[in-house]
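Participant: One structure, pasted below without further comment.
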Amino acid sequence: MITSSSKTFLVCHGAWSAGWAWKKMHPLMQAAGHRLVTPSYTGLGERAHLANPSIDLEAHIQDVLAVIKYEDLSDIVLLGHSYGGMVATGVADRARERVAQLIYLDAFVPRDGQSLFDLNEVAIEKMREAARNGDGWRIPPMPTPPDTSPADVEWLTARRIDMPLKCFEQRLKLQHGEPALPRSYIYATRITPADTFGQFAKRTKNEAGWRYFEIDASHSPNVTAPEALMALLMEIAARPA
């Protein structure tokens with residue numbers, strides 16, 4: 001049932017993934033009276049047949065902007081997961097009048113002019129080598145976290161798609177500087193040895209304009225801890241500032 005307090009959550013999903021990875025969240029959102037929109041980027045998920053070497057970060061930003069335009073979405077809770085933090089930052093910059101708040105879920109938080117590789121320099125050479133050993137322009141998926149159930153590993157493995165290298169190389173260009181809207185960061189505390197997102201946890205805990213949260217989960221709680229993620233999203237969305 002849709003009520004006056006209903007919210008529209010728009011997901012910018014992570015690398016190698018797509019809208020399908022948010023399958024467990026749809027019934028939870030629906031039961032709470034909210035709308036969850038989970039578009040897939042060009043070249044991934046059910047749009048894998050469109051994959052080509054020219055796909056970059058800008059293409060994925062345009063994918064989500066088009067959903068906002070054609071679905072006529074407004075008062076959006078924009079949720080960026082992992083690589084989707086790059087996409088969500090660009091979307092919020094271009095569609096700020098449509099976005100009520102921005103939530104980063106264990107995600108990259110770029111500043112103007114930064115690429116994902118700028119924020120994850122330790123992984124660059126390994127990822128470039130993986131692309132060279134494949135088709136030359138895509139990176140195979142990273143391993144799933146060790147606490148992912150065998151059934152979910154099978155589900156994920158069957159659907160994850162190699163990721164275009166240009167998405168990680170292209171620098172984000174912001175038209176309006178740092179986003180001025182309410183921003184929250186969710187840090188997944190079951191970290192890998194690399195702790196890729198610890199830098200953003202530290203930044204958002206200490207930088208003005210952020211609310212900081214933690215979740216006892218590994219990198220993709222939409223898969224491994226959907227109920228806990230749902231509860232946290234409800235808490236954040238109910239109080240944007």
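If you're wondering about the labels, chains in the structure tokens are A, B, ... by order shown, residues count from 1 in each chain, ligands from 1 in order shown.
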So that I can see what lies close to segment 168-181 of chain A, please list as a PyMOL selection string the residues with an atom at most 9 Å from it, counting only C-alpha atoms and leaving out residues fewer than 2 positions away in the same chain.
Facilitator: chain A and resi 56-58+83+86-87+89-90+92-94+96+99-102+110-118+163-166+183+209
Participant: Skip segment 137-152 of chain A itself and residues of its chain fewer than 5 positions away, then list as a PDB file with N, CA, C and O atoms, in the first residue's frame all residues within 12 Å of it, counting only C-alpha atoms.
Facilitator:
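Just written: part_10.pdb:
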ATOM      1  N   GLY A  14      26.310  -1.884  -7.910  1.00  0.00           N
ATOM      2  CA  GLY A  14      27.755  -2.031  -7.956  1.00  0.00           C
ATOM      3  C   GLY A  14      28.269  -2.620  -9.254  1.00  0.00           C
ATOM      4  O   GLY A  14      27.504  -2.963 -10.166  1.00  0.00           O
ATOM      5  N   ALA A  15      29.583  -2.761  -9.349  1.00  0.00           N
ATOM      6  CA  ALA A  15      30.234  -3.327 -10.526  1.00  0.00           C
ATOM      7  C   ALA A  15      29.928  -4.819 -10.646  1.00  0.00           C
ATOM      8  O   ALA A  15      29.681  -5.491  -9.640  1.00  0.00           O
ATOM      9  N   TRP A  16      29.951  -5.303 -11.884  1.00  0.00           N
ATOM     10  CA  TRP A  16      29.706  -6.715 -12.204  1.00  0.00           C
ATOM     11  C   TRP A  16      28.272  -7.153 -11.911  1.00  0.00           C
ATOM     12  O   TRP A  16      27.862  -8.242 -12.251  1.00  0.00           O
ATOM     13  N   SER A  17      27.523  -6.302 -11.294  1.00  0.00           N
ATOM     14  CA  SER A  17      26.184  -6.618 -10.796  1.00  0.00           C
ATOM     15  C   SER A  17      25.139  -5.998 -11.718  1.00  0.00           C
ATOM     16  O   SER A  17      25.419  -5.626 -12.842  1.00  0.00           O
ATOM     17  N   ALA A  21      20.409  -8.058  -8.524  1.00  0.00           N
ATOM     18  CA  ALA A  21      21.062  -8.338  -7.245  1.00  0.00           C
ATOM     19  C   ALA A  21      20.287  -7.770  -6.057  1.00  0.00           C
ATOM     20  O   ALA A  21      20.581  -8.094  -4.905  1.00  0.00           O
ATOM     21  N   LYS A  23      17.060  -8.281  -5.637  1.00  0.00           N
ATOM     22  CA  LYS A  23      15.837  -9.093  -5.618  1.00  0.00           C
ATOM     23  C   LYS A  23      15.261  -9.251  -4.212  1.00  0.00           C
ATOM     24  O   LYS A  23      14.045  -9.178  -4.011  1.00  0.00           O
ATOM     25  N   LYS A  24      16.111  -9.482  -3.218  1.00  0.00           N
ATOM     26  CA  LYS A  24      15.633  -9.724  -1.848  1.00  0.00           C
ATOM     27  C   LYS A  24      15.044  -8.468  -1.209  1.00  0.00           C
ATOM     28  O   LYS A  24      14.282  -8.564  -0.247  1.00  0.00           O
ATOM     29  N   GLY A  43      25.263  -2.889 -20.560  1.00  0.00           N
ATOM     30  CA  GLY A  43      26.329  -3.885 -20.620  1.00  0.00           C
ATOM     31  C   GLY A  43      26.353  -4.869 -19.475  1.00  0.00           C
ATOM     32  O   GLY A  43      27.197  -5.771 -19.458  1.00  0.00           O
ATOM     33  N   LEU A  44      25.426  -4.712 -18.521  1.00  0.00           N
ATOM     34  CA  LEU A  44      25.392  -5.590 -17.350  1.00  0.00           C
ATOM     35  C   LEU A  44      23.988  -6.167 -17.163  1.00  0.00           C
ATOM     36  O   LEU A  44      23.007  -5.625 -17.666  1.00  0.00           O
ATOM     37  N   ALA A  51      26.969  -4.811 -24.164  1.00  0.00           N
ATOM     38  CA  ALA A  51      28.343  -4.542 -23.724  1.00  0.00           C
ATOM     39  C   ALA A  51      29.248  -4.240 -24.911  1.00  0.00           C
ATOM     40  O   ALA A  51      29.187  -4.914 -25.945  1.00  0.00           O
ATOM     41  N   ASN A  52      30.097  -3.224 -24.748  1.00  0.00           N
ATOM     42  CA  ASN A  52      31.089  -2.880 -25.771  1.00  0.00           C
ATOM     43  C   ASN A  52      32.209  -2.058 -25.137  1.00  0.00           C
ATOM     44  O   ASN A  52      32.029  -1.512 -24.039  1.00  0.00           O
ATOM     45  N   PRO A  53      33.356  -1.967 -25.782  1.00  0.00           N
ATOM     46  CA  PRO A  53      34.521  -1.319 -25.168  1.00  0.00           C
ATOM     47  C   PRO A  53      34.365   0.166 -24.867  1.00  0.00           C
ATOM     48  O   PRO A  53      35.174   0.726 -24.129  1.00  0.00           O
ATOM     49  N   SER A  54      33.353   0.822 -25.432  1.00  0.00           N
ATOM     50  CA  SER A  54      33.213   2.271 -25.221  1.00  0.00           C
ATOM     51  C   SER A  54      32.439   2.616 -23.945  1.00  0.00           C
ATOM     52  O   SER A  54      32.386   3.782 -23.555  1.00  0.00           O
ATOM     53  N   ILE A  55      31.845   1.642 -23.290  1.00  0.00           N
ATOM     54  CA  ILE A  55      31.033   1.925 -22.093  1.00  0.00           C
ATOM     55  C   ILE A  55      31.929   2.455 -20.981  1.00  0.00           C
ATOM     56  O   ILE A  55      32.959   1.866 -20.649  1.00  0.00           O
ATOM     57  N   ASP A  56      31.499   3.572 -20.397  1.00  0.00           N
ATOM     58  CA  ASP A  56      32.280   4.202 -19.331  1.00  0.00           C
ATOM     59  C   ASP A  56      31.355   4.688 -18.223  1.00  0.00           C
ATOM     60  O   ASP A  56      30.139   4.425 -18.246  1.00  0.00           O
ATOM     61  N   ALA A 123      44.553  -1.571  -6.486  1.00  0.00           N
ATOM     62  CA  ALA A 123      43.935  -2.607  -7.322  1.00  0.00           C
ATOM     63  C   ALA A 123      44.170  -2.394  -8.818  1.00  0.00           C
ATOM     64  O   ALA A 123      43.834  -3.276  -9.617  1.00  0.00           O
ATOM     65  N   ILE A 124      44.735  -1.258  -9.187  1.00  0.00           N
ATOM     66  CA  ILE A 124      44.795  -0.895 -10.605  1.00  0.00           C
ATOM     67  C   ILE A 124      45.535  -1.940 -11.428  1.00  0.00           C
ATOM     68  O   ILE A 124      45.015  -2.446 -12.436  1.00  0.00           O
ATOM     69  N   GLU A 125      46.761  -2.269 -11.047  1.00  0.00           N
ATOM     70  CA  GLU A 125      47.574  -3.145 -11.885  1.00  0.00           C
ATOM     71  C   GLU A 125      46.973  -4.534 -12.001  1.00  0.00           C
ATOM     72  O   GLU A 125      46.956  -5.139 -13.088  1.00  0.00           O
ATOM     73  N   LYS A 126      46.448  -5.031 -10.879  1.00  0.00           N
ATOM     74  CA  LYS A 126      45.834  -6.368 -10.897  1.00  0.00           C
ATOM     75  C   LYS A 126      44.612  -6.387 -11.821  1.00  0.00           C
ATOM     76  O   LYS A 126      44.395  -7.341 -12.583  1.00  0.00           O
ATOM     77  N   MET A 127      43.805  -5.324 -11.773  1.00  0.00           N
ATOM     78  CA  MET A 127      42.616  -5.258 -12.619  1.00  0.00           C
ATOM     79  C   MET A 127      42.976  -5.079 -14.087  1.00  0.00           C
ATOM     80  O   MET A 127      42.365  -5.695 -14.963  1.00  0.00           O
ATOM     81  N   ARG A 128      43.969  -4.261 -14.370  1.00  0.00           N
ATOM     82  CA  ARG A 128      44.403  -4.081 -15.767  1.00  0.00           C
ATOM     83  C   ARG A 128      44.945  -5.400 -16.324  1.00  0.00           C
ATOM     84  O   ARG A 128      44.696  -5.749 -17.487  1.00  0.00           O
ATOM     85  N   GLU A 129      45.687  -6.113 -15.506  1.00  0.00           N
ATOM     86  CA  GLU A 129      46.235  -7.404 -15.945  1.00  0.00           C
ATOM     87  C   GLU A 129      45.105  -8.397 -16.219  1.00  0.00           C
ATOM     88  O   GLU A 129      45.145  -9.140 -17.207  1.00  0.00           O
ATOM     89  N   ALA A 130      44.091  -8.392 -15.346  1.00  0.00           N
ATOM     90  CA  ALA A 130      42.945  -9.287 -15.555  1.00  0.00           C
ATOM     91  C   ALA A 130      42.237  -8.968 -16.868  1.00  0.00           C
ATOM     92  O   ALA A 130      41.798  -9.874 -17.591  1.00  0.00           O
ATOM     93  N   ALA A 131      42.140  -7.682 -17.181  1.00  0.00           N
ATOM     94  CA  ALA A 131      41.520  -7.286 -18.451  1.00  0.00           C
ATOM     95  C   ALA A 131      42.371  -7.745 -19.634  1.00  0.00           C
ATOM     96  O   ALA A 131      41.855  -8.271 -20.623  1.00  0.00           O
ATOM     97  N   ARG A 132      43.693  -7.567 -19.517  1.00  0.00           N
ATOM     98  CA  ARG A 132      44.601  -7.991 -20.597  1.00  0.00           C
ATOM     99  C   ARG A 132      44.520  -9.495 -20.838  1.00  0.00           C
ATOM    100  O   ARG A 132      44.609  -9.960 -21.982  1.00  0.00           O
ATOM    101  N   THR A 157      27.129 -16.036  -9.080  1.00  0.00           N
ATOM    102  CA  THR A 157      28.118 -16.468 -10.075  1.00  0.00           C
ATOM    103  C   THR A 157      27.481 -16.644 -11.453  1.00  0.00           C
ATOM    104  O   THR A 157      28.100 -16.345 -12.485  1.00  0.00           O
ATOM    105  N   ALA A 158      26.250 -17.100 -11.463  1.00  0.00           N
ATOM    106  CA  ALA A 158      25.557 -17.330 -12.736  1.00  0.00           C
ATOM    107  C   ALA A 158      25.171 -16.033 -13.439  1.00  0.00           C
ATOM    108  O   ALA A 158      24.883 -16.044 -14.647  1.00  0.00           O
ATOM    109  N   ARG A 159      25.188 -14.911 -12.708  1.00  0.00           N
ATOM    110  CA  ARG A 159      24.633 -13.669 -13.255  1.00  0.00           C
ATOM    111  C   ARG A 159      25.625 -12.515 -13.351  1.00  0.00           C
ATOM    112  O   ARG A 159      25.363 -11.547 -14.074  1.00  0.00           O
ATOM    113  N   ARG A 160      26.699 -12.555 -12.631  1.00  0.00           N
ATOM    114  CA  ARG A 160      27.646 -11.443 -12.673  1.00  0.00           C
ATOM    115  C   ARG A 160      28.382 -11.410 -14.014  1.00  0.00           C
ATOM    116  O   ARG A 160      28.672 -12.446 -14.602  1.00  0.00           O
ATOM    117  N   ILE A 161      28.650 -10.211 -14.486  1.00  0.00           N
ATOM    118  CA  ILE A 161      29.194  -9.978 -15.833  1.00  0.00           C
ATOM    119  C   ILE A 161      30.501  -9.195 -15.721  1.00  0.00           C
ATOM    120  O   ILE A 161      30.636  -8.310 -14.870  1.00  0.00           O
ATOM    121  N   ASP A 162      31.451  -9.505 -16.592  1.00  0.00           N
ATOM    122  CA  ASP A 162      32.704  -8.740 -16.629  1.00  0.00           C
ATOM    123  C   ASP A 162      32.414  -7.251 -16.806  1.00  0.00           C
ATOM    124  O   ASP A 162      31.492  -6.861 -17.527  1.00  0.00           O
ATOM    125  N   MET A 163      33.225  -6.434 -16.150  1.00  0.00           N
ATOM    126  CA  MET A 163      32.974  -4.988 -16.036  1.00  0.00           C
ATOM    127  C   MET A 163      33.880  -4.193 -16.979  1.00  0.00           C
ATOM    128  O   MET A 163      35.103  -4.377 -16.983  1.00  0.00           O
ATOM    129  N   PRO A 164      33.304  -3.283 -17.773  1.00  0.00           N
ATOM    130  CA  PRO A 164      34.143  -2.472 -18.673  1.00  0.00           C
ATOM    131  C   PRO A 164      35.189  -1.655 -17.907  1.00  0.00           C
ATOM    132  O   PRO A 164      34.866  -0.938 -16.953  1.00  0.00           O
ATOM    133  N   LEU A 165      36.417  -1.751 -18.351  1.00  0.00           N
ATOM    134  CA  LEU A 165      37.547  -1.087 -17.703  1.00  0.00           C
ATOM    135  C   LEU A 165      37.375   0.430 -17.663  1.00  0.00           C
ATOM    136  O   LEU A 165      37.757   1.090 -16.686  1.00  0.00           O
ATOM    137  N   LYS A 166      36.802   0.990 -18.715  1.00  0.00           N
ATOM    138  CA  LYS A 166      36.656   2.448 -18.797  1.00  0.00           C
ATOM    139  C   LYS A 166      35.806   3.025 -17.654  1.00  0.00           C
ATOM    140  O   LYS A 166      35.950   4.195 -17.301  1.00  0.00           O
ATOM    141  N   CYS A 167      34.911   2.217 -17.109  1.00  0.00           N
ATOM    142  CA  CYS A 167      34.071   2.685 -15.995  1.00  0.00           C
ATOM    143  C   CYS A 167      34.923   3.046 -14.773  1.00  0.00           C
ATOM    144  O   CYS A 167      34.562   3.930 -14.000  1.00  0.00           O
ATOM    145  N   PHE A 168      36.038   2.325 -14.619  1.00  0.00           N
ATOM    146  CA  PHE A 168      36.938   2.565 -13.487  1.00  0.00           C
ATOM    147  C   PHE A 168      37.990   3.627 -13.809  1.00  0.00           C
ATOM    148  O   PHE A 168      38.569   4.223 -12.911  1.00  0.00           O
ATOM    149  N   GLU A 169      38.243   3.832 -15.100  1.00  0.00           N
ATOM    150  CA  GLU A 169      39.284   4.775 -15.517  1.00  0.00           C
ATOM    151  C   GLU A 169      38.781   6.207 -15.648  1.00  0.00           C
ATOM    152  O   GLU A 169      39.542   7.159 -15.418  1.00  0.00           O
ATOM    153  N   ALA A 188      30.058  -1.220   5.849  1.00  0.00           N
ATOM    154  CA  ALA A 188      29.883  -2.643   6.174  1.00  0.00           C
ATOM    155  C   ALA A 188      31.122  -3.117   6.932  1.00  0.00           C
ATOM    156  O   ALA A 188      32.239  -3.085   6.401  1.00  0.00           O
ATOM    157  N   ARG A 190      32.141  -6.049   8.202  1.00  0.00           N
ATOM    158  CA  ARG A 190      32.819  -7.337   7.950  1.00  0.00           C
ATOM    159  C   ARG A 190      33.737  -7.153   6.749  1.00  0.00           C
ATOM    160  O   ARG A 190      33.435  -7.561   5.632  1.00  0.00           O
ATOM    161  N   ILE A 191      34.875  -6.532   7.016  1.00  0.00           N
ATOM    162  CA  ILE A 191      35.739  -6.045   5.937  1.00  0.00           C
ATOM    163  C   ILE A 191      36.662  -7.141   5.399  1.00  0.00           C
ATOM    164  O   ILE A 191      36.940  -8.135   6.061  1.00  0.00           O
ATOM    165  N   THR A 192      37.145  -6.924   4.186  1.00  0.00           N
ATOM    166  CA  THR A 192      38.196  -7.743   3.599  1.00  0.00           C
ATOM    167  C   THR A 192      39.545  -7.214   4.088  1.00  0.00           C
ATOM    168  O   THR A 192      39.617  -6.101   4.629  1.00  0.00           O
ATOM    169  N   PRO A 193      40.632  -7.971   3.917  1.00  0.00           N
ATOM    170  CA  PRO A 193      41.953  -7.447   4.314  1.00  0.00           C
ATOM    171  C   PRO A 193      42.287  -6.105   3.668  1.00  0.00           C
ATOM    172  O   PRO A 193      42.947  -5.263   4.276  1.00  0.00           O
ATOM    173  N   ASP A 216      26.530  -4.587  10.444  1.00  0.00           N
ATOM    174  CA  ASP A 216      27.281  -5.820  10.692  1.00  0.00           C
ATOM    175  C   ASP A 216      27.018  -6.773   9.529  1.00  0.00           C
ATOM    176  O   ASP A 216      26.175  -7.669   9.616  1.00  0.00           O
ATOM    177  N   ALA A 217      27.732  -6.534   8.448  1.00  0.00           N
ATOM    178  CA  ALA A 217      27.535  -7.315   7.225  1.00  0.00           C
ATOM    179  C   ALA A 217      28.782  -7.171   6.371  1.00  0.00           C
ATOM    180  O   ALA A 217      29.614  -6.285   6.603  1.00  0.00           O
ATOM    181  N   SER A 218      28.902  -8.052   5.370  1.00  0.00           N
ATOM    182  CA  SER A 218      29.971  -7.913   4.393  1.00  0.00           C
ATOM    183  C   SER A 218      29.519  -6.944   3.298  1.00  0.00           C
ATOM    184  O   SER A 218      28.494  -6.269   3.442  1.00  0.00           O
ATOM    185  N   HIS A 219      30.250  -6.893   2.211  1.00  0.00           N
ATOM    186  CA  HIS A 219      30.148  -5.790   1.264  1.00  0.00           C
ATOM    187  C   HIS A 219      28.789  -5.636   0.578  1.00  0.00           C
ATOM    188  O   HIS A 219      28.428  -4.533   0.178  1.00  0.00           O
ATOM    189  N   SER A 220      28.020  -6.706   0.456  1.00  0.00           N
ATOM    190  CA  SER A 220      26.725  -6.622  -0.238  1.00  0.00           C
ATOM    191  C   SER A 220      25.581  -7.062   0.676  1.00  0.00           C
ATOM    192  O   SER A 220      25.019  -8.146   0.501  1.00  0.00           O
ATOM    193  N   PRO A 221      25.206  -6.230   1.639  1.00  0.00           N
ATOM    194  CA  PRO A 221      24.132  -6.620   2.559  1.00  0.00           C
ATOM    195  C   PRO A 221      22.779  -6.786   1.890  1.00  0.00           C
ATOM    196  O   PRO A 221      21.891  -7.436   2.441  1.00  0.00           O
ATOM    197  N   ASN A 222      22.613  -6.229   0.679  1.00  0.00           N
ATOM    198  CA  ASN A 222      21.387  -6.482  -0.082  1.00  0.00           C
ATOM    199  C   ASN A 222      21.239  -7.965  -0.411  1.00  0.00           C
ATOM    200  O   ASN A 222      20.133  -8.455  -0.643  1.00  0.00           O
ATOM    201  N   VAL A 223      22.359  -8.687  -0.395  1.00  0.00           N
ATOM    202  CA  VAL A 223      22.350 -10.133  -0.623  1.00  0.00           C
ATOM    203  C   VAL A 223      22.429 -10.907   0.688  1.00  0.00           C
ATOM    204  O   VAL A 223      21.658 -11.836   0.918  1.00  0.00           O
ATOM    205  N   THR A 224      23.365 -10.519   1.562  1.00  0.00           N
ATOM    206  CA  THR A 224      23.656 -11.333   2.749  1.00  0.00           C
ATOM    207  C   THR A 224      22.888 -10.924   4.004  1.00  0.00           C
ATOM    208  O   THR A 224      22.755 -11.719   4.928  1.00  0.00           O
ATOM    209  N   ALA A 225      22.392  -9.688   4.068  1.00  0.00           N
ATOM    210  CA  ALA A 225      21.693  -9.210   5.270  1.00  0.00           C
ATOM    211  C   ALA A 225      20.573  -8.240   4.895  1.00  0.00           C
ATOM    212  O   ALA A 225      20.544  -7.092   5.351  1.00  0.00           O
TER     213      ALA A 225
END
Participant: Taking the chain letters and numbering used in this document, name the residues of segment 79-203 of chain A that DSSP puts in strand (DSSP E or B), as a ChimeraX atom specification.
Facilitator: /A:79-81,99-105,138-139,163-164,183-188
Participant: Give the alpha helix (DSSP H) residues of segment 6-162 of chain A, as assigned by DSSP on the backbone, as a PyMOL selection string.
Facilitator: chain A and resi 25-31+57-70+84-94+116-119+124-133+150-157
Participant: Tell me, as an NGL selection string, which residues lie within 12 Å of His34 of chain A, counting only C-alpha atoms; anything in the same chain fewer than 4 positions away does not count.
Facilitator: :A and (1-10 or 25-30 or 76-77 or 230 or 233-234 or 237-238)
Participant: Figure out the distance between atom CA of Cys12 of chain A and atom CA of Ser74 of chain A, please, to one decimal in Å.
Facilitator: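 Distance between the two atoms: 15.6 Å.
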Participant: Quick one: residues within 7 Å of Leu65 of chain A, only C-alpha atoms, excluding same-chain residues fewer than 4 positions away - as a PyMOL selection string?
Facilitator: chain A and resi 61+69+91
